[in-house]
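Each remark here refers to the structure printed beneath this line.
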Amino acid sequence: MESHTNQRSGLCVRWLTALALLLVPGTLLAATFVVNSTADSVDIKPGDGLCRDAQGRCTLRAAIMETDALPSWDVIDLSQINDPANPIVLDIPGIDETYTATNADPPWAVTGTPDPSRGDLDITDSLTIEGAGPDKTVIEWPAAAKSAPSTADRVFHIQKTDHDISVRISGLTVRNGVTATPQSLSVTPEGLVWTFKRKGGGIAIGSGAYMELVDPNKQHGLCSTEGGHGGAEQGGGEDEDCGGETGLQVTLDHIYLLNNQSGSDGGGLYNTAPLTLANSVISGNSAKSKGGSLYNGAELTMYNTRRGPLPPQVTDS
């Protein structure tokens, strides 16, 4: 197998050699997509092995749409996005998690189909994303989105769907991600409030949304399918630990999580799967509830990672 980048057209083409096909039948062949544009635009034909939008550019969103559609562990190369003054600015709104009434017990359920073409960048297959360095490669929503969360979303949402996955992201900054405050849906005869919560301002690992039954007198949620708690820059508190997810492993290395905001839990990062967090900085994040910087509900290995102040190479806008 060879992975070849067509520099003239900006298209990353997956070349399958005849020898590989003959000697290794059925092998899943990885692709490498080189992002060459800071635009936020969609791939015109996910799964065809070509990262290209309608203008022929390979954008980050288009590359993720391709990798989600391909049955292999692929690579997204962000080394050409290396100027913090010209970040990748996400601007396609949309939320792919919602809630429905069940007319049963419980009366509400969360539904969602990951859709990388809008809102947060949904990663649902094994993938490596490599930036030029957190002081050079910046991915963000506009700073104004914090005052209008419905116009933006998280930056990354990593979750498995129908198979186990492993994801590694390194060498980049995640900035200005935002999720809105929980929505109150109904009140039980006992006075408990059903709410819909979307977690993780910058990055969410796991399903990232669920229903919670809250006692308004105690402001304490009952155990749901996710749980755990972490330290806060703004926001904090305790919650029952409902355990972590299986079949999903994530490594974040040399990542800056800056100025992200969650209307619920996990301002910078919300995690419910085995996670390694290394050589990173978490600064300026906030949450309305628990874990302003990090909310963790799974096995966490963390080293050479600190909270604030802002790295001098990266601005806070």
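Residues are referred to by chain and number: the chain letter is A, B, ... according to the order shown in the structure tokens, the number counts from 1 in that chain, and ligands are numbered separately from 1 in the order shown.
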
Closest contacts (segment 275-303 of chain A/segment 165-176 of chain A, max 12 Å, only C-alpha atoms) as a Markdown table:
| residue | atom | partner | partner_atom | distance |
| --- | --- | --- | --- | --- |
| A:Leu275 | CA | A:Val167 | CA | 9.7 |
| A:Thr276 | CA | A:Arg168 | CA | 9.3 |
| A:Leu277 | CA | A:Ile169 | CA | 10.0 |
| A:Ala278 | CA | A:Ser170 | CA | 9.4 |
| A:Asn279 | CA | A:Ser170 | CA | 9.7 |
| A:Ser280 | CA | A:Gly171 | CA | 9.3 |
| A:Val281 | CA | A:Thr173 | CA | 9.3 |
| A:Ile282 | CA | A:Val174 | CA | 9.8 |
| A:Ser283 | CA | A:Arg175 | CA | 9.9 |
| A:Gly284 | CA | A:Arg175 | CA | 9.7 |
| A:Asn285 | CA | A:Asn176 | CA | 8.7 |
| A:Ser286 | CA | A:Asn176 | CA | 10.6 |

For the contact check between segment 111-197 of chain A and segment 204-217 of chain A, emit one row per residue of segment 111-197 of chain A within 10 Å, containing the shortest atom pair and the distance in Å rounded to one decimal, counting only C-alpha atoms, chain then rising number order, as CSV.
residue,atom,partner,partner_atom,distance
A:Thr111,CA,A:Tyr210,CA,8.9
A:Gly112,CA,A:Ser207,CA,8.8
A:Pro114,CA,A:Ser207,CA,9.5
A:Asp120,CA,A:Ala204,CA,9.6
A:Asp122,CA,A:Ala204,CA,9.6
A:Ile123,CA,A:Ile205,CA,9.6
A:Arg154,CA,A:Ala204,CA,7.5
A:Val155,CA,A:Ala204,CA,8.5
A:Phe156,CA,A:Ala204,CA,6.5
A:His157,CA,A:Ala204,CA,4.8
A:Ile158,CA,A:Ile205,CA,4.8
A:Gln159,CA,A:Gly206,CA,4.8
A:Lys160,CA,A:Gly206,CA,7.4
A:Thr161,CA,A:Ser207,CA,9.4
A:Pro182,CA,A:Met211,CA,9.4
A:Gln183,CA,A:Met211,CA,9.7
A:Ser184,CA,A:Glu212,CA,9.6
A:Leu185,CA,A:Met211,CA,9.7
A:Ser186,CA,A:Leu213,CA,9.7
A:Val187,CA,A:Leu213,CA,9.1
A:Thr188,CA,A:Leu213,CA,9.2
A:Glu190,CA,A:Asp215,CA,9.3
A:Gly191,CA,A:Asp215,CA,7.4
A:Leu192,CA,A:Asp215,CA,5.0
A:Val193,CA,A:Val214,CA,5.1
A:Trp194,CA,A:Leu213,CA,4.6
A:Thr195,CA,A:Glu212,CA,5.3
A:Phe196,CA,A:Met211,CA,4.8
A:Lys197,CA,A:Ala209,CA,5.5

DSSP-assigned strand (DSSP E or B) among segment 108-205 of chain A, expressed as a ChimeraX atom specification: /A:108-112,121-123,127-131,138-140,156-158,165-175,178-179,183-187,193-198,203-205

Selection: 7 Å around Arg61 of chain A, only C-alpha atoms, excl. self and same-chain fewer than 5 positions, as a ChimeraX atom specification: /A:40-42,116-117,121

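Atom CA of Ile139 of chain A sits 18.5 Å away from atom CA of Glu66 of chain A.
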
Non-local contacts of Cys51 of chain A (12 Å; only C-alpha atoms; under 4 positions in same chain excluded) as a ChimeraX atom specification: /A:5-6,9-14,31-37,41-47,55-70,75-77

Deliver the residues from the most recent selection as a file, using C-alpha atoms, as a compact mmCIF listing (two decimals), in the first residue's frame.
# COMPACT_ATOMS: atom_id res chain seq x y z
CA THR A 5 -0.61 13.28 -1.93
CA ASN A 6 -1.30 15.11 -5.15
CA SER A 9 -4.64 19.48 -6.99
CA GLY A 10 -4.59 19.32 -3.19
CA LEU A 11 -6.25 15.90 -3.29
CA CYS A 12 -5.03 13.04 -1.16
CA VAL A 13 -5.33 9.89 -3.26
CA ARG A 14 -5.24 6.35 -1.91
CA ALA A 31 -5.19 6.77 3.98
CA THR A 32 -3.31 9.96 4.79
CA PHE A 33 -5.13 13.22 4.12
CA VAL A 34 -3.11 16.44 4.02
CA VAL A 35 -5.29 19.41 4.95
CA ASN A 36 -4.37 22.42 2.82
CA SER A 37 -7.12 24.92 3.68
CA SER A 41 -16.46 23.07 4.21
CA VAL A 42 -17.77 19.57 3.60
CA ASP A 43 -16.45 16.70 1.52
CA ILE A 44 -18.36 16.26 -1.74
CA LYS A 45 -18.36 12.43 -1.66
CA PRO A 46 -17.43 10.84 1.69
CA GLY A 47 -15.88 7.40 1.32
CA GLN A 55 -13.59 23.98 -4.63
CA GLY A 56 -11.16 21.05 -4.61
CA ARG A 57 -9.67 21.90 -1.22
CA CYS A 58 -8.90 19.40 1.54
CA THR A 59 -10.38 20.92 4.69
CA LEU A 60 -10.32 19.42 8.17
CA ARG A 61 -14.07 18.77 8.13
CA ALA A 62 -13.84 17.10 4.70
CA ALA A 63 -10.93 14.94 5.91
CA ILE A 64 -12.87 13.78 8.97
CA MET A 65 -15.90 12.98 6.83
CA GLU A 66 -13.63 10.80 4.67
CA THR A 67 -11.95 9.02 7.60
CA ASP A 68 -15.30 8.32 9.25
CA ALA A 69 -16.48 6.69 6.03
CA LEU A 70 -13.36 4.56 5.45
CA VAL A 75 -4.17 9.87 9.34
CA ILE A 76 -5.01 13.57 9.00
CA ASP A 77 -1.91 15.73 8.50
